[in-house]
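Q: Input file: coords26.tsv. Contents: TSV, C-alpha atoms.
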chain	number	residue	atom	x	y	z
A	640	MET	CA	-6.15	-12.91	-19.44
A	641	THR	CA	-7.99	-14.05	-16.29
A	642	ASP	CA	-11.02	-12.27	-14.79
A	643	GLU	CA	-8.90	-11.22	-11.81
A	644	SER	CA	-6.18	-9.67	-13.97
A	645	GLU	CA	-8.82	-7.88	-16.07
A	646	SER	CA	-10.40	-6.52	-12.88
A	647	ASN	CA	-7.01	-5.33	-11.60
A	648	SER	CA	-6.28	-3.73	-14.96
A	649	SER	CA	-9.66	-1.93	-14.92
A	650	ARG	CA	-9.06	-0.65	-11.37
A	651	SER	CA	-5.61	0.57	-12.33
A	652	LEU	CA	-7.05	2.41	-15.34
A	653	LEU	CA	-9.74	4.03	-13.19
A	654	ARG	CA	-7.14	5.13	-10.63
A	655	GLU	CA	-5.00	6.69	-13.34
A	656	LEU	CA	-8.04	8.42	-14.83
A	657	ALA	CA	-9.19	9.75	-11.45
A	658	SER	CA	-5.70	11.09	-10.68
A	659	SER	CA	-5.35	12.78	-14.08
A	660	ARG	CA	-4.73	16.51	-13.73
A	661	TRP	CA	-7.12	17.27	-16.61
A	662	VAL	CA	-9.92	15.20	-15.09
A	663	LYS	CA	-9.44	16.99	-11.78
A	664	ILE	CA	-9.52	20.39	-13.47
A	665	ALA	CA	-12.72	19.41	-15.29
A	666	ILE	CA	-14.36	18.30	-12.03
A	667	ALA	CA	-13.28	21.48	-10.21
A	668	VAL	CA	-14.62	23.64	-13.05
A	669	CYS	CA	-17.93	21.75	-12.98
A	670	ILE	CA	-18.28	22.33	-9.23
A	671	VAL	CA	-17.72	26.07	-9.59
A	672	TYR	CA	-20.04	26.23	-12.62
A	673	LEU	CA	-22.85	24.46	-10.76
A	674	LEU	CA	-22.44	26.77	-7.76
A	675	VAL	CA	-22.77	29.82	-10.03
A	676	ARG	CA	-25.44	28.29	-12.30
A	677	PHE	CA	-27.75	27.42	-9.43
A	678	ASN	CA	-27.02	30.65	-7.54
A	679	ARG	CA	-25.18	28.90	-4.68
A	680	LEU	CA	-22.56	31.65	-4.72
A	681	ASN	CA	-25.23	34.29	-4.27
A	682	TRP	CA	-23.37	37.57	-4.58
A	683	ASN	CA	-26.71	39.40	-4.93
A	684	ALA	CA	-27.25	38.80	-1.22
A	685	LEU	CA	-24.08	40.78	-0.58
A	686	ALA	CA	-24.69	43.56	-3.10
A	687	GLY	CA	-26.90	45.61	-0.81
A	688	LEU	CA	-24.41	45.52	2.05
A	689	ARG	CA	-21.65	47.71	0.62
A	690	ASP	CA	-21.68	49.99	3.66
A	691	THR	CA	-21.03	47.10	6.04
A	692	TRP	CA	-18.55	45.11	3.93
A	693	PRO	CA	-15.82	45.16	6.66
A	694	TRP	CA	-18.10	42.94	8.79
A	695	LEU	CA	-18.53	40.54	5.88
A	696	LEU	CA	-14.80	40.50	5.24
A	697	LEU	CA	-14.16	39.75	8.91
A	698	SER	CA	-16.82	37.02	8.79
A	699	PHE	CA	-15.11	35.37	5.83
A	700	ALA	CA	-11.68	35.61	7.51
A	701	LEU	CA	-13.09	33.85	10.60
A	702	MET	CA	-14.19	30.93	8.42
A	703	LEU	CA	-10.61	30.03	7.48
A	704	PRO	CA	-9.00	28.99	10.83
A	705	PRO	CA	-11.61	26.21	11.33
A	706	PHE	CA	-10.07	24.28	8.42
A	707	LEU	CA	-6.80	24.08	10.36
A	708	ILE	CA	-8.61	23.14	13.57
A	709	VAL	CA	-10.65	20.31	12.06
A	710	SER	CA	-7.60	19.03	10.16
A	711	TYR	CA	-5.72	18.68	13.43
A	712	ARG	CA	-8.78	17.00	14.95
A	713	PHE	CA	-8.86	14.53	12.07
A	714	GLN	CA	-5.14	13.85	12.48
A	715	LEU	CA	-5.73	13.01	16.16
A	716	LEU	CA	-8.64	10.70	15.39
A	717	LEU	CA	-6.60	8.89	12.75
A	718	ARG	CA	-3.82	8.54	15.29
A	719	SER	CA	-6.29	7.01	17.74
A	720	GLN	CA	-6.84	4.32	15.11
A	721	ARG	CA	-3.07	3.76	14.76
A	722	ILE	CA	-2.97	5.62	11.45
A	723	ASP	CA	-0.17	8.14	11.71
A	724	VAL	CA	-0.22	10.85	9.04
A	725	SER	CA	1.32	14.29	8.81
A	726	PHE	CA	-0.72	17.44	9.45
A	727	PRO	CA	-0.32	18.67	5.83
A	728	LEU	CA	-1.80	15.40	4.58
A	729	ALA	CA	-4.71	15.59	7.05
A	730	LEU	CA	-5.24	19.19	5.91
A	731	ARG	CA	-5.23	18.12	2.27
A	732	TRP	CA	-7.89	15.46	2.86
A	733	THR	CA	-9.98	17.90	4.89
A	734	MET	CA	-9.86	20.56	2.18
A	735	ILE	CA	-10.74	18.07	-0.56
A	736	GLY	CA	-13.67	16.81	1.49
A	737	SER	CA	-14.83	20.40	2.04
A	738	LEU	CA	-14.65	21.07	-1.70
A	739	PHE	CA	-16.82	18.06	-2.49
A	740	ASP	CA	-19.30	19.11	0.19
A	741	LEU	CA	-20.34	21.65	-2.42
A	742	SER	CA	-21.30	19.04	-5.01
A	743	MET	CA	-23.00	16.36	-2.90
A	744	PRO	CA	-26.68	15.93	-1.92
A	745	SER	CA	-25.95	17.05	1.65
A	746	SER	CA	-23.53	19.64	2.92
A	747	ASN	CA	-21.43	16.85	4.47
A	748	GLY	CA	-21.32	14.60	1.42
A	749	GLY	CA	-17.63	15.31	0.90
A	750	ASP	CA	-16.91	12.80	3.67
A	751	VAL	CA	-17.44	10.03	1.10
A	752	VAL	CA	-14.64	11.42	-1.09
A	753	LYS	CA	-12.47	12.08	1.96
A	754	ALA	CA	-12.95	8.51	3.18
A	755	GLY	CA	-11.98	7.25	-0.27
A	756	TYR	CA	-8.66	9.13	-0.14
A	757	VAL	CA	-7.86	7.87	3.36
A	758	ALA	CA	-8.86	4.28	2.54
A	759	ALA	CA	-6.65	4.31	-0.56
A	760	TYR	CA	-3.75	5.59	1.52
A	761	VAL	CA	-3.90	3.05	4.35
A	762	GLY	CA	-4.55	-0.08	2.30
A	763	SER	CA	-6.96	-2.98	2.70
A	764	GLY	CA	-5.95	-3.98	6.23
A	765	MET	CA	-6.87	-0.62	7.78
A	766	ARG	CA	-9.66	0.65	5.56
A	767	ILE	CA	-12.47	0.03	8.02
A	768	ARG	CA	-10.58	1.95	10.71
A	769	ALA	CA	-9.90	4.78	8.26
A	770	VAL	CA	-13.57	5.07	7.26
A	771	ALA	CA	-14.59	4.84	10.94
A	772	ALA	CA	-12.21	7.72	11.73
A	773	VAL	CA	-13.90	9.85	9.05
A	774	ALA	CA	-17.32	9.00	10.49
A	775	MET	CA	-16.20	9.75	14.06
A	776	ASP	CA	-14.68	13.02	12.90
A	777	ARG	CA	-18.02	14.09	11.44
A	778	VAL	CA	-20.06	12.96	14.45
A	779	LEU	CA	-17.75	14.64	16.97
A	780	GLY	CA	-17.74	17.76	14.81
A	781	LEU	CA	-21.53	17.99	14.91
A	782	LEU	CA	-21.54	17.07	18.59
A	783	GLY	CA	-19.36	20.12	19.22
A	784	LEU	CA	-22.29	22.31	18.14
A	785	PHE	CA	-24.61	20.94	20.83
A	786	LEU	CA	-21.82	20.84	23.40
A	787	LEU	CA	-21.08	24.53	22.82
A	788	ALA	CA	-24.77	25.45	23.05
A	789	GLY	CA	-25.16	23.32	26.19
A	790	ILE	CA	-22.13	24.77	27.97
A	791	VAL	CA	-23.18	28.35	27.22
A	792	SER	CA	-26.79	27.66	28.26
A	793	VAL	CA	-25.81	26.03	31.57
A	794	PHE	CA	-23.36	28.73	32.65
A	795	ASN	CA	-25.59	31.58	31.44
A	796	TRP	CA	-28.99	30.16	32.32
A	797	HIS	CA	-30.14	33.51	33.68
A	798	VAL	CA	-29.90	34.86	30.13
A	799	VAL	CA	-31.02	31.78	28.19
A	800	SER	CA	-34.04	31.14	30.44
A	801	ALA	CA	-35.46	34.53	29.47
A	802	MET	CA	-35.37	33.61	25.78
A	803	PRO	CA	-38.40	32.07	24.02
A	804	GLY	CA	-37.78	28.32	24.03
A	805	GLY	CA	-34.77	28.63	26.34
A	806	ALA	CA	-35.64	25.48	28.28
A	807	PHE	CA	-36.12	23.51	25.05
A	808	LEU	CA	-32.77	24.80	23.81
A	809	LEU	CA	-30.99	23.64	26.97
A	810	LEU	CA	-32.66	20.21	27.06
A	811	THR	CA	-32.03	19.58	23.35
A	812	SER	CA	-28.36	20.50	23.65
A	813	LEU	CA	-27.72	18.38	26.74
A	814	ALA	CA	-29.81	15.40	25.56
A	815	THR	CA	-28.00	15.29	22.22
A	816	THR	CA	-24.58	15.67	23.81
A	817	PHE	CA	-25.02	12.96	26.42
A	818	GLY	CA	-26.97	10.73	24.02
A	819	VAL	CA	-24.16	10.68	21.46
A	820	LEU	CA	-21.50	10.18	24.15
A	821	ALA	CA	-23.55	7.27	25.53
A	822	ALA	CA	-23.68	5.76	22.03
A	823	PHE	CA	-19.88	6.09	21.80
A	824	ARG	CA	-19.60	4.38	25.17
A	825	LEU	CA	-21.87	1.54	24.07
A	826	LEU	CA	-20.22	1.01	20.68
A	827	GLY	CA	-16.82	1.16	22.34
A	828	SER	CA	-17.72	-1.31	25.06
A	829	ARG	CA	-15.05	-3.94	25.67
A	830	ARG	CA	-17.79	-6.31	26.86
A	831	LEU	CA	-19.63	-5.88	23.57
A	832	TYR	CA	-16.45	-6.40	21.57
A	833	GLN	CA	-15.55	-9.59	23.45
A	834	HIS	CA	-19.08	-11.03	23.76
A	835	ARG	CA	-18.75	-14.68	22.75
A	836	TRP	CA	-22.20	-15.31	21.27
A	837	LEU	CA	-22.26	-11.99	19.45
A	838	ASN	CA	-18.81	-12.60	17.96
A	839	LEU	CA	-19.89	-16.02	16.68
A	840	GLN	CA	-22.80	-14.40	14.89
A	841	LEU	CA	-20.73	-11.57	13.47
A	842	GLU	CA	-17.85	-13.75	12.32
A	843	SER	CA	-20.26	-15.87	10.26
A	844	SER	CA	-20.60	-13.22	7.54
A	845	SER	CA	-18.44	-10.62	5.83
A	846	ILE	CA	-20.82	-7.84	6.90
A	847	GLY	CA	-20.68	-9.06	10.49
A	848	LYS	CA	-16.88	-9.00	10.43
A	849	ARG	CA	-16.95	-5.40	9.24
A	850	ILE	CA	-19.37	-4.47	12.01
A	851	ARG	CA	-16.99	-6.00	14.52
A	852	GLN	CA	-14.14	-3.96	13.05
A	853	ILE	CA	-16.22	-0.80	13.44
A	854	VAL	CA	-16.91	-1.71	17.07
A	855	ALA	CA	-13.17	-2.23	17.51
A	856	ALA	CA	-12.53	1.25	16.10
A	857	PHE	CA	-14.94	2.84	18.58
A	858	ASN	CA	-13.38	0.79	21.37
A	859	GLU	CA	-9.94	2.07	20.36
A	860	LEU	CA	-11.11	5.66	20.71
A	861	ARG	CA	-12.98	5.06	23.98
A	862	GLU	CA	-9.90	3.58	25.61
A	863	GLN	CA	-7.90	6.68	24.69
A	864	PRO	CA	-9.93	9.44	26.36
A	865	SER	CA	-7.23	12.02	25.68
A	866	TYR	CA	-7.96	11.73	21.95
A	867	LEU	CA	-11.74	11.75	22.45
A	868	PHE	CA	-11.81	14.82	24.69
A	869	SER	CA	-9.18	16.63	22.63
A	870	ALA	CA	-11.35	16.08	19.55
A	871	LEU	CA	-14.40	17.40	21.41
A	872	GLY	CA	-12.47	20.45	22.60
A	873	LEU	CA	-11.30	21.18	19.06
A	874	SER	CA	-14.88	20.79	17.82
A	875	VAL	CA	-16.10	23.39	20.30
A	876	LEU	CA	-13.26	25.76	19.35
A	877	ASN	CA	-14.07	25.27	15.68
A	878	HIS	CA	-17.69	26.28	16.20
A	879	VAL	CA	-16.72	29.29	18.29
A	880	PHE	CA	-15.15	30.67	15.10
A	881	TRP	CA	-18.28	29.88	13.07
A	882	CYS	CA	-20.55	31.53	15.64
A	883	VAL	CA	-18.42	34.68	15.78
A	884	SER	CA	-18.51	34.73	11.99
A	885	LEU	CA	-22.31	34.65	12.16
A	886	ILE	CA	-22.31	37.47	14.72
A	887	CYS	CA	-20.43	39.55	12.13
A	888	ILE	CA	-22.93	38.66	9.39
A	889	ALA	CA	-25.85	39.59	11.66
A	890	ARG	CA	-24.12	42.90	12.39
A	891	ALA	CA	-23.68	43.48	8.66
A	892	VAL	CA	-27.44	43.17	8.05
A	893	GLY	CA	-28.34	45.37	11.01
A	894	TYR	CA	-28.73	43.00	13.98
A	895	GLU	CA	-26.51	43.17	17.05
A	896	VAL	CA	-26.78	39.80	18.76
A	897	GLN	CA	-25.58	39.38	22.35
A	898	PRO	CA	-22.68	36.86	22.31
A	899	ILE	CA	-24.23	34.62	24.98
A	900	LYS	CA	-27.43	34.29	22.95
A	901	ALA	CA	-25.45	33.82	19.77
A	902	PHE	CA	-23.37	30.94	21.18
A	903	ALA	CA	-26.54	29.30	22.50
A	904	VAL	CA	-28.67	29.63	19.35
A	905	PHE	CA	-26.34	29.83	16.34
A	906	PRO	CA	-25.07	26.23	16.78
A	907	LEU	CA	-28.60	24.93	16.12
A	908	ALA	CA	-28.88	27.07	12.99
A	909	ILE	CA	-25.49	25.81	11.77
A	910	PHE	CA	-26.60	22.23	12.44
A	911	GLY	CA	-29.53	22.80	10.08
A	912	ASN	CA	-27.02	23.21	7.25
A	913	VAL	CA	-26.31	19.47	7.41
A	914	PHE	CA	-29.63	18.83	5.67
A	915	GLY	CA	-29.21	21.41	2.94
A	916	VAL	CA	-27.53	21.11	-0.44
A	917	ALA	CA	-24.06	22.39	-1.36
A	918	GLY	CA	-23.30	24.05	1.94
A	919	GLY	CA	-26.77	24.22	3.48
A	920	PHE	CA	-28.87	25.93	0.81
A	921	GLY	CA	-32.60	25.19	0.84
A	922	VAL	CA	-33.40	23.37	4.08
A	923	GLY	CA	-30.45	25.04	5.83
A	924	THR	CA	-31.63	28.50	4.79
A	925	ALA	CA	-35.15	27.76	6.04
A	926	GLY	CA	-33.66	26.48	9.30
A	927	PHE	CA	-31.80	29.75	9.81
A	928	ASP	CA	-34.99	31.70	9.20
A	929	PHE	CA	-37.06	29.62	11.64
A	930	ILE	CA	-34.49	29.30	14.45
A	931	LEU	CA	-33.34	32.92	14.42
A	932	SER	CA	-36.93	34.14	14.28
A	933	ALA	CA	-38.23	31.84	17.02
A	934	LEU	CA	-35.35	32.16	19.47
A	935	LEU	CA	-33.81	35.57	18.77
A	936	GLY	CA	-36.68	37.49	17.21
A	937	ILE	CA	-34.67	38.19	14.05
A	938	GLY	CA	-37.01	38.79	11.13
A	939	ASN	CA	-34.45	38.33	8.36
A	940	GLY	CA	-32.84	35.03	9.33
A	941	ALA	CA	-33.07	33.69	5.78
A	942	LEU	CA	-30.79	36.48	4.53
A	943	ILE	CA	-28.28	35.81	7.32
A	944	GLY	CA	-28.35	32.12	6.43
A	945	LEU	CA	-27.93	32.81	2.73
A	946	ILE	CA	-24.94	35.08	3.31
A	947	PHE	CA	-23.41	32.56	5.71
A	948	GLN	CA	-23.81	29.76	3.17
A	949	THR	CA	-22.43	31.89	0.33
A	950	LEU	CA	-19.32	32.91	2.27
A	951	SER	CA	-18.74	29.40	3.63
A	952	SER	CA	-19.09	27.97	0.10
A	953	ALA	CA	-16.50	30.46	-1.11
A	954	SER	CA	-14.16	29.40	1.71
A	955	LYS	CA	-14.56	25.73	0.75
A	956	LEU	CA	-13.38	26.54	-2.76
A	957	GLY	CA	-9.98	26.79	-1.08
A	958	GLY	CA	-9.96	23.01	-1.51
A	959	VAL	CA	-9.44	23.37	-5.28
A	960	PRO	CA	-5.63	23.71	-5.18
A	961	PHE	CA	-5.39	20.80	-2.72
A	962	TYR	CA	-7.49	18.66	-5.05
A	963	LEU	CA	-5.47	19.63	-8.13
A	964	ALA	CA	-2.14	19.02	-6.40
A	965	SER	CA	-0.26	15.87	-7.29
A	966	SER	CA	-1.50	12.86	-5.34
A	967	LYS	CA	1.70	10.86	-5.59
A	968	SER	CA	2.68	11.69	-2.03
A	969	ALA	CA	-0.83	11.12	-0.69
A	970	VAL	CA	-1.82	7.80	-2.22
A	971	ARG	CA	0.39	4.78	-1.99
A	972	ASP	CA	0.54	2.32	-4.83
A	973	ASP	CA	-1.25	-0.93	-3.97
A	974	ASP	CA	1.53	-3.00	-5.48
A	975	MET	CA	4.06	-1.39	-3.14
A	976	LYS	CA	1.88	-2.22	-0.14
A	977	GLN	CA	1.83	-5.86	-1.06
A	978	THR	CA	5.59	-6.21	-1.44
Produce structure tokens that represent the structure in this file.
A:
Amino acid sequence: MTDESESNSSRSLLRELASSRWVKIAIAVCIVYLLVRFNRLNWNALAGLRDTWPWLLLSFALMLPPFLIVSYRFQLLLRSQRIDVSFPLALRWTMIGSLFDLSMPSSNGGDVVKAGYVAAYVGSGMRIRAVAAVAMDRVLGLLGLFLLAGIVSVFNWHVVSAMPGGAFLLLTSLATTFGVLAAFRLLGSRRLYQHRWLNLQLESSSIGKRIRQIVAAFNELREQPSYLFSALGLSVLNHVFWCVSLICIARAVGYEVQPIKAFAVFPLAIFGNVFGVAGGFGVGTAGFDFILSALLGIGNGALIGLIFQTLSSASKLGGVPFYLASSKSAVRDDDMKQT
């Protein structure tokens, strides 16, 4: 048996093992166990709020529509890369990625698993575009936070300017929004993609060729502004749901936050969850405490953050049935692609 055939046999065995129902069940059980073991599903934070549980229930319900919104956004971004998939499949990948967000070093670590599913589906010729679509989906999703805060701050400056740090909030939101869009414009530049000297340098190595493919992916999106701005609009809509959910949590713990202030400040607190573990715990919780205290004068921001992270973690467990479902319809066999 040749080295190549042994390698193919090993990959085939690993694929079969990874797709095994029992292995998936074991992984799902481990994720839930770790969440409970390390107090990531912190029901104690909810125990003292029995009198305001309808607000918590409403908050949790508002966390569910965003999964549909971001799945449609991901479907559009894949389509911009000439990868046409059904909405149920985009939803499945999104839910699986959300589930693995709970078991990765950062709250967005599930993108690695999500990218793996998409790359396996599209095959070797489109894998770079597939991974680029996952990356763009995440970046545009986070950009939606700053865009929402910026829009609210600009059109309600009379309210935001009276807040402590209102000017900093506005400048941060606008600078981040336009900075990221400028980076998209640069990476998607046709001149950059067709630059003769640069292409000669990139084509001289395998890494360089991949970089050029990534540039091509950004260029593909830039030249289809309808997809780019639709994705941004969906990102803003997604975070409107998350902010309203936080308004409900704040109400449950005794704080009534004015919606304008909430839509200007809560996006920054949510962004802090990116740097936490398993849904934002740790750094994300501290970020909630600091931001809500500094900008809204809320003295119990850590509790609001902890409840938000607990409920959002519970919502992401909705990815378990999607992960356990048969993958035969979602992953094409490599041998079939080559025939």
Q: From the options A:Val751, A:Ala814, A:Leu871, A:Leu695, which residue's atoms come nearest to Ile943 of chain A, counting all atoms listed in the file?
A: A:Leu695
Q: Please determine, counting only C-alpha atoms, which residue among A:Leu813, A:Leu716, A:Ile767, A:Ile886 has the shortest atom-to-atom distance to Lys848 of chain A.
A: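 Residue with the minimum atom-to-atom distance to Lys848 of chain A: A:Ile767.
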Q: Looking at A:Leu934, A:Leu715, A:Leu839, A:Ile899, which one is nearest to Ile790 of chain A, with distances taken over only C-alpha atoms?
A: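 Nearest to Ile790 of chain A: A:Ile899.
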Q: Using all atoms listed in the file, which protein or nucleic acid residues come within 10 Å of segment 887-896 of chain A? Drop anything in the same chain fewer than 2 positions from it, and give the result as a PyMOL selection string.
A: chain A and resi 685+687-699+701+881-885+898-902+935+937-940+942-944+946-947+950
Q: Given the point (-16.5, 6.1, 6.9) in the coordinates of this file, which residues lie within 10 Å, counting all atoms listed in the file, and how would they look as a PyMOL selection string?
A: chain A and resi 750-755+757-758+766-777+853
Q: Return the single residue from A:Arg861, A:Arg835, A:His797, A:Arg849 that is closest to Phe823 of chain A, with distances computed using all atoms listed in the file.
A: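 With all atoms listed in the file as the atom set, the closest residue is A:Arg861.
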Q: Using only C-alpha atoms, can you tell me which of A:Val819, A:Leu809, A:Val724, A:Ala665 comes closest to Gly780 of chain A?
A: A:Val819
Q: Counting all atoms listed in the file, figure out which residue out of A:Cys669, A:Val709, A:Val799, A:Met734 gets nearest to Ser869 of chain A.
A: A:Val709
Q: Quick one: pull the distance between atom CA of Leu820 of chain A and atom CA of Ser710 of chain A, Å, one decimal.
A: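 Straight-line distance from atom CA of Leu820 of chain A to atom CA of Ser710 of chain A works out to 21.6 Å.
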Q: What does the structure give for the distance between atom CA of Phe905 of chain A and atom CA of Tyr866 of chain A, in Å to one decimal?
A: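 Interatomic distance, atom CA of Phe905 of chain A to atom CA of Tyr866 of chain A: 26.4 Å.
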Q: Rounded to one decimal in Å, what is the spacing between atom CA of Pro864 of chain A and atom CA of Trp836 of chain A?
A: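 According to the coordinates, atom CA of Pro864 of chain A and atom CA of Trp836 of chain A are separated by 28.1 Å.
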Q: Counting only C-alpha atoms, which residues have an atom no more than 10 Å from (-8.2, 26.3, 15.5) in the file's coordinates? Please list them as a VMD selection string.
A: chain A and resid 703 to 712 873 to 880
Q: Any chance you could export the current selection's C-alpha atoms as a short mmCIF file (atom, residue, chain, number, x, y, z; two decimals), in the coordinates of the input?
A:
data_model
loop_
_atom_site.label_atom_id
_atom_site.label_comp_id
_atom_site.auth_asym_id
_atom_site.auth_seq_id
_atom_site.Cartn_x
_atom_site.Cartn_y
_atom_site.Cartn_z
CA LEU A 703 -10.61 30.03 7.48
CA PRO A 704 -9.00 28.99 10.83
CA PRO A 705 -11.61 26.21 11.33
CA PHE A 706 -10.07 24.28 8.42
CA LEU A 707 -6.80 24.08 10.36
CA ILE A 708 -8.61 23.14 13.57
CA VAL A 709 -10.65 20.31 12.06
CA SER A 710 -7.60 19.03 10.16
CA TYR A 711 -5.72 18.68 13.43
CA ARG A 712 -8.78 17.00 14.95
CA LEU A 873 -11.30 21.18 19.06
CA SER A 874 -14.88 20.79 17.82
CA VAL A 875 -16.10 23.39 20.30
CA LEU A 876 -13.26 25.76 19.35
CA ASN A 877 -14.07 25.27 15.68
CA HIS A 878 -17.69 26.28 16.20
CA VAL A 879 -16.72 29.29 18.29
CA PHE A 880 -15.15 30.67 15.10
#
